[in-house]
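**Student:** Here it is: the structure, laid out below.
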Amino acid sequence: MNLLQQTLTPDTLQNVQTASFELFDKLSSKFFIRLFIDLVSVFVLIRLIFYKNYKKADQYLTFFAFNLVIFLITYLLNKVEMSMGAAFGLFAVFSMLRYRTESISTKDMTYLFLVIAIGLLSAISKGGWDELALLNSIILIATFLLESNWLIKKEFTKNIIYDNINLITPEKRTELLADLKKRTGFNVHRVEIQEIDFLKDATRMTIYFYE
């Protein structure tokens with residue numbers, strides 16, 4: 001206890017406080033503005049676009065953590081001399097780290113690419129906050145339009161096991177689609193046969209439908 005009291009002298013506490021203030025002085029308002037724009041952009045992308053369409057909350061930590069880490073590291077490295085090629089090399093390294101962990105869907109991979117891109121762009125953009133906000137808005141608007149039915153009609157897929165293999169022949173495709181619509185309740189408009197098991201009289205297929 002005495003050793004602790006001797007260590008935490010007024011001069012020591014003053015030095016710690018001075019170092020803390022110097023750290024915040026080095027982080028200019030530009031850093032906090034860029035961080036705010038970055039986090040707002042990712043929130044809009046993940047909460048208002050990704051979650052609204054796919055109702056998947058298990059990727060929140062992955063998306064926000066990758067974005068924040070990419071932003072902080074790239075912003076700090078941007079303080080030193082770093083070429084655009086080195087920045088995109090860092091981008092590729094972080095992307096591969098996530099891809100190597102487990103297989104993820106194409107949609108999740110696309111959104112992971114977007115959150116990393118937003119973090120990278122927010123950290124190294126040489127323009128002002130208004131230009132950065134505009135660039136991020138372009139990404140968000142483009143993603144929103146592509147995820148909506150305004151530009152193209154969204155097609156969904158599901159892999160199913162189908163037990164009536166008598167209907168999988170090409171000449172009975174109309175009957176097959178009608179039966180799938182009745183059983184699944186989806187507006188199925190085409191199918192792809194993946195595998196046929198004649199021992200179990202079943203087939204594994206991918207159905208395509210619109211909502």
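Lettering and numbering for the structure tokens are positional, with chains as A, B, ... in the shown order, residues counted from 1 in each chain, and ligands counted from 1 in the shown order.
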Could you give me, as an NGL selection string, the residues within 10 Å of Phe186 in chain A, counting only C-alpha atoms and dropping anything in the same chain fewer than 2 positions from it?

**Tutor:** :A and (156 or 180-184 or 188-189 or 207-211)

**Student:** Report as a ChimeraX atom specification all protein, DNA and RNA residues lying within 8 Å of Thr206 in chain A, evaluated on only C-alpha atoms, omitting residues in the same chain fewer than 6 positions from it.

**Tutor:** /A:157-160,191-194

**Student:** Restricting it to C-alpha atoms, dump the selection as a short mmCIF file (atom, residue, chain, number, x, y, z; two decimals), in the first residue's frame.

**Tutor:**
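The resulting again.cif:
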data_model
loop_
_atom_site.label_atom_id
_atom_site.label_comp_id
_atom_site.auth_asym_id
_atom_site.auth_seq_id
_atom_site.Cartn_x
_atom_site.Cartn_y
_atom_site.Cartn_z
CA THR A 157 -33.79 -19.70 -53.65
CA LYS A 158 -34.25 -22.66 -51.31
CA ASN A 159 -32.79 -26.15 -51.32
CA ILE A 160 -35.41 -28.80 -50.64
CA VAL A 191 -36.29 -25.47 -60.42
CA GLU A 192 -32.89 -27.07 -60.73
CA ILE A 193 -32.46 -30.78 -60.02
CA GLN A 194 -29.30 -31.28 -57.97
#

**Student:** Of the candidates A:Ser105, A:Asn136, A:Thr74, A:Ser41, which one gets nearest to Ala123 in chain A if we count only C-alpha atoms?

**Tutor:** A:Thr74

**Student:** For a test of reading the model, state the distance in Å between CA of Ala178 in chain A and CA of Glu155 in chain A, rounded to one decimal.

**Tutor:**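 Interatomic distance, CA of Ala178 in chain A to CA of Glu155 in chain A: 17.9 Å.
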
**Student:** Given the choices A:Lys153, A:Asp163, A:Ile168, A:Leu35, which gets closest to Lys200 in chain A if the distance is worked out from only C-alpha atoms?

**Tutor:**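 Using only C-alpha atoms, Lys200 in chain A sits closest to A:Asp163.
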
**Student:** Neighbouring residues of Phe31 in chain A were defined as those with any atom within 10 Å, considering only C-alpha atoms; residues of the same chain fewer than 3 positions away were excluded. Please report them as a list in words.

**Tutor:** Lys26, Leu27, Ser28, Arg34, Leu35, Phe36, Leu72, Tyr75, Leu76, Ser122 and Ala123 of chain A

**Student:** Quick one: residues within 10 Å of Ile139 in chain A, only C-alpha atoms counted, chain neighbours fewer than 2 positions away excluded, as a ChimeraX atom specification?

**Tutor:** /A:41,45,114,117-118,134-137,141-144

**Student:** Mind pulling up the distance from CA of Asp179 in chain A to CA of Asn164 in chain A?

**Tutor:**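 These two atoms are separated by 9.4 Å.
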
**Student:** Per residue of range 26-82 of chain A within 12 Å of range 145-152 of chain A, note the shortest atom pair and the distance in Å to one decimal, counting only C-alpha atoms, and order the rows by chain and increasing residue number, as a tab-separated table.

**Tutor:**
residue	atom	partner	partner_atom	distance
A:Leu45	CA	A:Glu147	CA	11.2
A:Leu48	CA	A:Glu147	CA	11.3
A:Ile49	CA	A:Glu147	CA	7.8
A:Phe50	CA	A:Glu147	CA	8.7
A:Tyr51	CA	A:Glu147	CA	11.4
A:Lys52	CA	A:Glu147	CA	10.0
A:Asn53	CA	A:Glu147	CA	7.7
A:Tyr54	CA	A:Glu147	CA	10.4

**Student:** Can you write just those residues out, C-alpha atoms, as a compact mmCIF listing (two decimals), in the first residue's frame?

**Tutor:**
# COMPACT_ATOMS: atom_id res chain seq x y z
CA LEU A 45 -26.08 -0.50 -44.26
CA LEU A 48 -31.66 -0.66 -42.25
CA ILE A 49 -30.71 -2.62 -45.38
CA PHE A 50 -29.11 -5.97 -44.49
CA TYR A 51 -31.26 -6.83 -41.47
CA LYS A 52 -34.45 -5.57 -43.10
CA ASN A 53 -33.97 -7.97 -46.02
CA TYR A 54 -32.45 -11.03 -44.33

**Student:** Rounded to one decimal, what separation in Å do you get between CA of Ala202 in chain A and CA of Tyr162 in chain A?

**Tutor:** 5.5 Å
